[in-house]
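To start, the structure itself, in structure tokens.
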Amino acid sequence: MINPKRLFVFDMDGVLVASEKSWVEDEADFYVKLFGEDIALAIGDMVGVSIEDIYQKAKALGTPVTHEEYSRKSDEAAMRVFGRCSISEGANELVDYLVKHDWQIALLSSSPMHWIEQVTSRLPWWDKLAIVLSLNAHKELRPKPAPDGYLHLLKSLHADAKQSVALEDSNPGIVSAQTAGFFTIDYREHLPVGYEQMGADITAETMKDVLEIVSRDTISP
């Protein structure tokens, strides 16, 4: 019988990279230009929402933009965003600690895999990732806030949710991890101004804070 293992899961946008703020600030008019102001405003908060869900909302609101055009322009915007966003300071030190203390490490994102690869290719510890899971590439798994991605990781890696940690910045991600039973850290460093997180177990402003949290006896027995 396989003994359940500890698992640490990174979200990508706004956690591993400072991209959420860039989407909101640098690409602020992207959805207005694409869908029109009325539809963009009606869609509402998009932090942590999958690109497919955003399009389906726009379609329900009457956008004439085709899925093909939406995907192409989203890819172009993503390349701009990820091309200028830095990896979160302190992530390397956090991963060093996790590896030395026998944590499994995974990356769970709603982004398409080719977006994720723009980030993982820059990680010196990419080979330490047990699984890189793109919910966009697995249509059988519901997007966040559903717990499907986290439950899939637990099953695939024989991990114990009670000993596992999720690092999320958006409310859909927090709900997803909490529903799956993870100890959930809300990460604030790269959030857009005014965004309010809800429901996590504890808050971290930086990766240094995250390292301090996971090194406590109550989190890493």
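Every chain in the structure tokens has a letter given in the order shown (A, B, ...), and although residue numbers restart at 1 in each chain, ligands are simply numbered from 1 in the order shown.
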Handout entry: Close residues, A:Met113 itself excluded, 10 Å, only C-alpha atoms, min 5 positions apart in chain, as an MDAnalysis selection string
Key = chainID A and resid 118 132:137
Exercise for the section: For atom CA of A:Gly173 and atom CA of A:Glu212, determine how far apart the two atoms are, in Å to one decimal place. Expected result: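 So the two atoms, atom CA of A:Gly173 and atom CA of A:Glu212, lie 21.5 Å apart.
The residue that comes closest to A:Met46, out of A:Tyr97, A:His114, A:Ser170, A:Val17 and on the basis of only C-alpha atoms, is A:Ser170.
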Which residues, written as a PDB file with N, CA and C atoms, in the first residue's frame, have at least one atom at most 7 Å from A:Val47, with only C-alpha atoms counted and residues fewer than 2 positions away on the same chain left out?
```
ATOM      1  N   GLU A  20      -1.201  38.746 -13.113  1.00  0.00           N
ATOM      2  CA  GLU A  20      -2.578  39.215 -12.936  1.00  0.00           C
ATOM      3  C   GLU A  20      -2.656  40.742 -13.024  1.00  0.00           C
ATOM      4  N   ASP A  45     -15.615  40.697 -12.993  1.00  0.00           N
ATOM      5  CA  ASP A  45     -14.300  40.296 -12.496  1.00  0.00           C
ATOM      6  C   ASP A  45     -13.784  39.080 -13.254  1.00  0.00           C
ATOM      7  N   VAL A  49     -10.407  33.592 -13.626  1.00  0.00           N
ATOM      8  CA  VAL A  49     -11.415  32.948 -14.472  1.00  0.00           C
ATOM      9  C   VAL A  49     -10.737  32.400 -15.724  1.00  0.00           C
ATOM     10  N   SER A 170      -6.438  34.028  -6.600  1.00  0.00           N
ATOM     11  CA  SER A 170      -7.811  34.405  -6.957  1.00  0.00           C
ATOM     12  C   SER A 170      -8.831  33.656  -6.117  1.00  0.00           C
TER      13      SER A 170
END
```
Exercise for the section: Rounded to one decimal place, report the atom CA of A:Pro145-atom CA of A:Ser176 distance in Å. Expected result: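 If I compute the distance from atom CA of A:Pro145 to atom CA of A:Ser176, I get 4.4 Å.
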Handout entry: DSSP strand (DSSP E) residues within stretch 25-148 of chain A, as a PyMOL selection string
Key = chain A and resi 104-109+129-134
Could you turn the residues from that selection into a file that holds N, CA and C atoms, as a compact mmCIF listing (two decimals), in the first residue's frame?
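File again33.txt, as written:
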```
# COMPACT_ATOMS: atom_id res chain seq x y z
N GLN A 104 6.19 16.83 -2.53
CA GLN A 104 5.96 16.79 -3.97
C GLN A 104 5.50 18.19 -4.39
N ILE A 105 5.84 18.58 -5.62
CA ILE A 105 5.51 19.91 -6.11
C ILE A 105 4.78 19.79 -7.43
N ALA A 106 3.69 20.55 -7.55
CA ALA A 106 2.92 20.54 -8.79
C ALA A 106 2.52 21.96 -9.17
N LEU A 107 2.17 22.12 -10.42
CA LEU A 107 1.66 23.39 -10.93
C LEU A 107 0.29 23.14 -11.52
N LEU A 108 -0.70 23.91 -11.06
CA LEU A 108 -2.08 23.78 -11.54
C LEU A 108 -2.55 25.13 -12.04
N SER A 109 -2.90 25.20 -13.32
CA SER A 109 -3.30 26.48 -13.91
C SER A 109 -4.48 26.29 -14.84
N LEU A 129 9.02 19.57 -10.75
CA LEU A 129 7.55 19.54 -10.80
C LEU A 129 7.08 18.13 -11.12
N ALA A 130 6.35 17.54 -10.20
CA ALA A 130 5.84 16.18 -10.42
C ALA A 130 4.79 16.16 -11.52
N ILE A 131 3.95 17.19 -11.55
CA ILE A 131 2.91 17.32 -12.57
C ILE A 131 2.72 18.80 -12.89
N VAL A 132 2.57 19.09 -14.17
CA VAL A 132 2.12 20.41 -14.62
C VAL A 132 0.76 20.18 -15.28
N LEU A 133 -0.29 20.69 -14.64
CA LEU A 133 -1.65 20.40 -15.10
C LEU A 133 -2.33 21.66 -15.62
N SER A 134 -2.66 21.63 -16.90
CA SER A 134 -3.44 22.70 -17.53
C SER A 134 -4.89 22.26 -17.59
```
Practice task
Give me the residues within 9 Å of A:Met12 as a PyMOL selection string, counting only C-alpha atoms and dropping any in the same chain fewer than 6 places off.
Solution key: chain A and resi 18-19+107-111+116+119+168
Keeping only C-alpha atoms, take the residues you just selected and write them out as a PDB file, in the first residue's frame.
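Result went into part.pdb, see below:
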```
ATOM      1  CA  ALA A  18       3.375  38.781 -11.658  1.00  0.00           C
ATOM      2  CA  SER A  19       0.843  38.469 -14.451  1.00  0.00           C
ATOM      3  CA  LEU A 107       1.663  23.395 -10.928  1.00  0.00           C
ATOM      4  CA  LEU A 108      -2.078  23.777 -11.540  1.00  0.00           C
ATOM      5  CA  SER A 109      -3.295  26.477 -13.910  1.00  0.00           C
ATOM      6  CA  SER A 110      -6.382  27.346 -15.922  1.00  0.00           C
ATOM      7  CA  SER A 111      -4.127  28.658 -18.698  1.00  0.00           C
ATOM      8  CA  ILE A 116       2.288  27.653 -19.046  1.00  0.00           C
ATOM      9  CA  VAL A 119       6.761  30.263 -17.570  1.00  0.00           C
ATOM     10  CA  GLU A 168      -3.579  30.678  -4.889  1.00  0.00           C
TER      11      GLU A 168
END
```
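Atom CA of A:Leu157 sits 19.6 Å away from atom CA of A:Asp96.
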Problem - Residues within 10 Å of A:Ala146, only C-alpha atoms, excluding chain neighbours under 2 positions, as a ChimeraX atom specification - result: /A:141-144,148-151,172-173,175-180
Output all heavy atoms for every residue in that selection, as a short mmCIF file (atom, residue, chain, number, x, y, z; two decimals), in the first residue's frame.
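Generated output (part.cif):
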```cif
data_model
loop_
_atom_site.label_atom_id
_atom_site.label_comp_id
_atom_site.auth_asym_id
_atom_site.auth_seq_id
_atom_site.Cartn_x
_atom_site.Cartn_y
_atom_site.Cartn_z
N LEU A 141 -12.00 17.87 -16.88
CA LEU A 141 -11.88 18.49 -15.57
C LEU A 141 -12.52 19.87 -15.60
O LEU A 141 -12.17 20.71 -16.44
CB LEU A 141 -10.41 18.61 -15.15
CG LEU A 141 -9.62 17.30 -15.07
CD1 LEU A 141 -8.15 17.59 -14.75
CD2 LEU A 141 -10.22 16.36 -14.03
N ARG A 142 -13.44 20.11 -14.68
CA ARG A 142 -14.08 21.42 -14.63
C ARG A 142 -13.08 22.47 -14.16
O ARG A 142 -12.19 22.19 -13.36
CB ARG A 142 -15.28 21.40 -13.68
CG ARG A 142 -16.43 20.52 -14.12
CD ARG A 142 -17.48 20.42 -13.01
NE ARG A 142 -16.92 19.79 -11.82
CZ ARG A 142 -17.54 19.74 -10.65
NH1 ARG A 142 -18.73 20.32 -10.49
NH2 ARG A 142 -16.97 19.14 -9.62
N PRO A 143 -13.21 23.71 -14.67
CA PRO A 143 -12.28 24.76 -14.26
C PRO A 143 -12.54 25.20 -12.83
O PRO A 143 -13.58 24.91 -12.24
CB PRO A 143 -12.57 25.89 -15.26
CG PRO A 143 -13.99 25.67 -15.67
CD PRO A 143 -14.18 24.19 -15.69
N LYS A 144 -11.57 25.91 -12.25
CA LYS A 144 -11.76 26.53 -10.95
C LYS A 144 -12.96 27.47 -11.04
O LYS A 144 -13.14 28.11 -12.07
CB LYS A 144 -10.51 27.32 -10.55
CG LYS A 144 -9.24 26.48 -10.49
CD LYS A 144 -8.00 27.37 -10.29
CE LYS A 144 -6.72 26.57 -10.35
NZ LYS A 144 -5.51 27.42 -10.18
N ASP A 148 -11.91 19.92 -9.25
CA ASP A 148 -11.47 18.80 -10.09
C ASP A 148 -9.96 18.71 -10.26
O ASP A 148 -9.37 17.63 -10.17
CB ASP A 148 -12.13 18.86 -11.46
CG ASP A 148 -13.64 18.74 -11.40
OD1 ASP A 148 -14.23 19.13 -10.39
OD2 ASP A 148 -14.24 18.28 -12.39
N GLY A 149 -9.32 19.84 -10.55
CA GLY A 149 -7.87 19.82 -10.77
C GLY A 149 -7.11 19.38 -9.55
O GLY A 149 -6.18 18.55 -9.64
N TYR A 150 -7.47 19.90 -8.40
CA TYR A 150 -6.81 19.52 -7.16
C TYR A 150 -7.05 18.06 -6.81
O TYR A 150 -6.15 17.35 -6.36
CB TYR A 150 -7.24 20.43 -6.02
CG TYR A 150 -6.52 21.76 -6.03
CD1 TYR A 150 -7.13 22.90 -6.51
CD2 TYR A 150 -5.21 21.85 -5.58
CE1 TYR A 150 -6.47 24.12 -6.54
CE2 TYR A 150 -4.53 23.05 -5.61
CZ TYR A 150 -5.16 24.19 -6.09
OH TYR A 150 -4.48 25.36 -6.12
N LEU A 151 -8.27 17.59 -7.01
CA LEU A 151 -8.57 16.19 -6.73
C LEU A 151 -7.79 15.27 -7.67
O LEU A 151 -7.33 14.20 -7.26
CB LEU A 151 -10.08 15.95 -6.87
CG LEU A 151 -10.96 16.66 -5.84
CD1 LEU A 151 -12.44 16.47 -6.17
CD2 LEU A 151 -10.65 16.17 -4.43
N PRO A 172 -11.65 32.15 -7.22
CA PRO A 172 -11.97 30.84 -7.79
C PRO A 172 -10.93 29.78 -7.43
O PRO A 172 -11.28 28.63 -7.14
CB PRO A 172 -11.99 31.12 -9.31
CG PRO A 172 -12.37 32.55 -9.41
CD PRO A 172 -11.69 33.22 -8.27
N GLY A 173 -9.66 30.16 -7.42
CA GLY A 173 -8.61 29.21 -7.07
C GLY A 173 -8.66 28.82 -5.61
O GLY A 173 -8.46 27.65 -5.26
N VAL A 175 -11.32 28.79 -3.65
CA VAL A 175 -12.48 27.90 -3.47
C VAL A 175 -12.16 26.50 -3.97
O VAL A 175 -12.50 25.49 -3.33
CB VAL A 175 -13.72 28.46 -4.19
CG1 VAL A 175 -14.86 27.45 -4.18
CG2 VAL A 175 -14.17 29.76 -3.53
N SER A 176 -11.50 26.41 -5.11
CA SER A 176 -11.14 25.12 -5.69
C SER A 176 -10.28 24.30 -4.73
O SER A 176 -10.56 23.13 -4.46
CB SER A 176 -10.38 25.35 -7.01
OG SER A 176 -9.94 24.13 -7.56
N ALA A 177 -9.24 24.93 -4.19
CA ALA A 177 -8.33 24.24 -3.29
C ALA A 177 -9.01 23.88 -1.97
O ALA A 177 -8.83 22.77 -1.44
CB ALA A 177 -7.10 25.10 -3.04
N GLN A 178 -9.78 24.81 -1.42
CA GLN A 178 -10.46 24.57 -0.15
C GLN A 178 -11.46 23.42 -0.28
O GLN A 178 -11.55 22.56 0.62
CB GLN A 178 -11.19 25.84 0.28
CG GLN A 178 -10.28 26.96 0.74
CD GLN A 178 -10.08 26.95 2.25
OE1 GLN A 178 -10.94 27.39 2.99
NE2 GLN A 178 -8.93 26.46 2.68
N THR A 179 -12.19 23.39 -1.37
CA THR A 179 -13.18 22.33 -1.57
C THR A 179 -12.52 20.96 -1.67
O THR A 179 -13.10 19.95 -1.25
CB THR A 179 -14.01 22.61 -2.84
OG1 THR A 179 -14.59 23.91 -2.75
CG2 THR A 179 -15.11 21.58 -3.02
N ALA A 180 -11.30 20.93 -2.19
CA ALA A 180 -10.56 19.66 -2.31
C ALA A 180 -9.89 19.27 -1.00
O ALA A 180 -9.30 18.19 -0.91
CB ALA A 180 -9.52 19.77 -3.41
#
```
Practice task
Find, counting only C-alpha atoms, the residue in A:Ile87, A:Val214, A:Ile185, A:Ile51 that gets nearest to A:Lys73.
Solution key: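 Of A:Ile87, A:Val214, A:Ile185, A:Ile51, the one nearest A:Lys73 is A:Ile51, counting only C-alpha atoms.
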Practice task
List every residue of stretch 26-190 of chain A that DSSP, applied to the backbone of this structure, places in alpha helix (DSSP H), and write the result as an MDAnalysis selection string.
Solution key: chainID A and resid 30:35 37:43 51:60 67:84 91:100 113:120 148:157 171:179
What lies within 10 Å of A:Gln197 using only C-alpha atoms, ignoring chain neighbours under 4 positions off, as a PDB file with all heavy atoms, in the first residue's frame?
```pdb
ATOM      1  N   GLU A 168      -2.671  30.079  -3.913  1.00  0.00           N
ATOM      2  CA  GLU A 168      -3.579  30.678  -4.889  1.00  0.00           C
ATOM      3  C   GLU A 168      -3.729  32.172  -4.615  1.00  0.00           C
ATOM      4  O   GLU A 168      -3.600  32.617  -3.477  1.00  0.00           O
ATOM      5  CB  GLU A 168      -4.958  30.020  -4.806  1.00  0.00           C
ATOM      6  CG  GLU A 168      -5.027  28.606  -5.349  1.00  0.00           C
ATOM      7  CD  GLU A 168      -5.232  28.566  -6.859  1.00  0.00           C
ATOM      8  OE1 GLU A 168      -5.290  29.647  -7.484  1.00  0.00           O
ATOM      9  OE2 GLU A 168      -5.341  27.450  -7.391  1.00  0.00           O
ATOM     10  N   ASP A 169      -4.053  32.922  -5.677  1.00  0.00           N
ATOM     11  CA  ASP A 169      -4.301  34.352  -5.472  1.00  0.00           C
ATOM     12  C   ASP A 169      -5.749  34.739  -5.727  1.00  0.00           C
ATOM     13  O   ASP A 169      -6.249  35.679  -5.130  1.00  0.00           O
ATOM     14  CB  ASP A 169      -3.372  35.202  -6.344  1.00  0.00           C
ATOM     15  CG  ASP A 169      -3.655  35.037  -7.831  1.00  0.00           C
ATOM     16  OD1 ASP A 169      -4.013  33.919  -8.260  1.00  0.00           O
ATOM     17  OD2 ASP A 169      -3.497  36.025  -8.574  1.00  0.00           O
ATOM     18  N   SER A 170      -6.438  34.028  -6.600  1.00  0.00           N
ATOM     19  CA  SER A 170      -7.811  34.405  -6.957  1.00  0.00           C
ATOM     20  C   SER A 170      -8.831  33.656  -6.117  1.00  0.00           C
ATOM     21  O   SER A 170      -8.563  32.562  -5.609  1.00  0.00           O
ATOM     22  CB  SER A 170      -8.067  34.116  -8.435  1.00  0.00           C
ATOM     23  OG  SER A 170      -8.156  32.714  -8.654  1.00  0.00           O
ATOM     24  N   ASN A 171     -10.014  34.229  -5.998  1.00  0.00           N
ATOM     25  CA  ASN A 171     -11.079  33.562  -5.248  1.00  0.00           C
ATOM     26  C   ASN A 171     -11.540  32.250  -5.884  1.00  0.00           C
ATOM     27  O   ASN A 171     -11.792  31.283  -5.158  1.00  0.00           O
ATOM     28  CB  ASN A 171     -12.249  34.523  -5.031  1.00  0.00           C
ATOM     29  CG  ASN A 171     -11.906  35.605  -4.026  1.00  0.00           C
ATOM     30  OD1 ASN A 171     -11.250  35.341  -3.021  1.00  0.00           O
ATOM     31  ND2 ASN A 171     -12.322  36.825  -4.279  1.00  0.00           N
ATOM     32  N   PRO A 172     -11.648  32.152  -7.221  1.00  0.00           N
ATOM     33  CA  PRO A 172     -11.965  30.841  -7.793  1.00  0.00           C
ATOM     34  C   PRO A 172     -10.928  29.777  -7.434  1.00  0.00           C
ATOM     35  O   PRO A 172     -11.276  28.634  -7.140  1.00  0.00           O
ATOM     36  CB  PRO A 172     -11.991  31.116  -9.306  1.00  0.00           C
ATOM     37  CG  PRO A 172     -12.370  32.549  -9.414  1.00  0.00           C
ATOM     38  CD  PRO A 172     -11.688  33.217  -8.265  1.00  0.00           C
ATOM     39  N   ILE A 174      -8.920  29.794  -4.745  1.00  0.00           N
ATOM     40  CA  ILE A 174      -9.031  29.520  -3.313  1.00  0.00           C
ATOM     41  C   ILE A 174     -10.172  28.552  -3.043  1.00  0.00           C
ATOM     42  O   ILE A 174     -10.022  27.575  -2.298  1.00  0.00           O
ATOM     43  CB  ILE A 174      -9.218  30.835  -2.529  1.00  0.00           C
ATOM     44  CG1 ILE A 174      -7.931  31.670  -2.575  1.00  0.00           C
ATOM     45  CG2 ILE A 174      -9.615  30.550  -1.075  1.00  0.00           C
ATOM     46  CD1 ILE A 174      -8.095  33.087  -2.055  1.00  0.00           C
ATOM     47  N   ASP A 186      -3.616  32.295   0.624  1.00  0.00           N
ATOM     48  CA  ASP A 186      -3.889  33.301  -0.407  1.00  0.00           C
ATOM     49  C   ASP A 186      -2.666  34.206  -0.541  1.00  0.00           C
ATOM     50  O   ASP A 186      -2.103  34.678   0.428  1.00  0.00           O
ATOM     51  CB  ASP A 186      -5.184  34.069  -0.163  1.00  0.00           C
ATOM     52  CG  ASP A 186      -5.243  34.852   1.139  1.00  0.00           C
ATOM     53  OD1 ASP A 186      -4.202  35.356   1.584  1.00  0.00           O
ATOM     54  OD2 ASP A 186      -6.341  34.962   1.707  1.00  0.00           O
ATOM     55  N   TYR A 187      -2.261  34.395  -1.790  1.00  0.00           N
ATOM     56  CA  TYR A 187      -1.029  35.100  -2.115  1.00  0.00           C
ATOM     57  C   TYR A 187      -1.378  36.475  -2.669  1.00  0.00           C
ATOM     58  O   TYR A 187      -2.109  36.593  -3.649  1.00  0.00           O
ATOM     59  CB  TYR A 187      -0.247  34.291  -3.142  1.00  0.00           C
ATOM     60  CG  TYR A 187       1.160  34.774  -3.382  1.00  0.00           C
ATOM     61  CD1 TYR A 187       2.137  34.594  -2.415  1.00  0.00           C
ATOM     62  CD2 TYR A 187       1.505  35.400  -4.571  1.00  0.00           C
ATOM     63  CE1 TYR A 187       3.437  35.026  -2.630  1.00  0.00           C
ATOM     64  CE2 TYR A 187       2.799  35.834  -4.794  1.00  0.00           C
ATOM     65  CZ  TYR A 187       3.765  35.639  -3.816  1.00  0.00           C
ATOM     66  OH  TYR A 187       5.049  36.070  -4.026  1.00  0.00           O
ATOM     67  N   ARG A 188      -0.821  37.529  -2.056  1.00  0.00           N
ATOM     68  CA  ARG A 188      -1.277  38.880  -2.356  1.00  0.00           C
ATOM     69  C   ARG A 188      -0.298  39.744  -3.162  1.00  0.00           C
ATOM     70  O   ARG A 188      -0.664  40.813  -3.638  1.00  0.00           O
ATOM     71  CB  ARG A 188      -1.598  39.624  -1.050  1.00  0.00           C
ATOM     72  CG  ARG A 188      -2.735  39.004  -0.254  1.00  0.00           C
ATOM     73  CD  ARG A 188      -3.329  40.011   0.709  1.00  0.00           C
ATOM     74  NE  ARG A 188      -3.712  41.243   0.046  1.00  0.00           N
ATOM     75  CZ  ARG A 188      -4.839  41.423  -0.625  1.00  0.00           C
ATOM     76  NH1 ARG A 188      -5.708  40.437  -0.741  1.00  0.00           N
ATOM     77  NH2 ARG A 188      -5.101  42.592  -1.188  1.00  0.00           N
ATOM     78  N   LEU A 191      -1.532  40.973  -6.753  1.00  0.00           N
ATOM     79  CA  LEU A 191      -2.950  41.206  -7.000  1.00  0.00           C
ATOM     80  C   LEU A 191      -3.221  42.627  -7.499  1.00  0.00           C
ATOM     81  O   LEU A 191      -2.546  43.573  -7.091  1.00  0.00           O
ATOM     82  CB  LEU A 191      -3.765  40.979  -5.725  1.00  0.00           C
ATOM     83  CG  LEU A 191      -4.066  39.534  -5.346  1.00  0.00           C
ATOM     84  CD1 LEU A 191      -4.750  39.504  -3.989  1.00  0.00           C
ATOM     85  CD2 LEU A 191      -4.922  38.843  -6.397  1.00  0.00           C
ATOM     86  N   THR A 203      -2.918  34.175   4.927  1.00  0.00           N
ATOM     87  CA  THR A 203      -2.495  35.100   3.876  1.00  0.00           C
ATOM     88  C   THR A 203      -0.984  35.228   3.854  1.00  0.00           C
ATOM     89  O   THR A 203      -0.337  35.253   4.903  1.00  0.00           O
ATOM     90  CB  THR A 203      -3.117  36.496   4.106  1.00  0.00           C
ATOM     91  OG1 THR A 203      -4.537  36.393   3.972  1.00  0.00           O
ATOM     92  CG2 THR A 203      -2.593  37.508   3.103  1.00  0.00           C
TER      93      THR A 203
END
```
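With only C-alpha atoms as the basis for measurement, A:Asp75 is the residue among A:Glu68, A:Glu140, A:Asp75, A:Glu37 that approaches A:Trp115 most closely.
Compared by their closest atoms to A:Glu93, and using only C-alpha atoms, the residues A:Arg216, A:Lys21, A:Lys208, A:Lys128 rank with A:Lys208 nearest.
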Handout entry: Within 10 Å of A:Trp125 using only C-alpha atoms, minus same-chain residues under 6 positions, as a PyMOL selection string
Key = chain A and resi 91-92+95-96+99
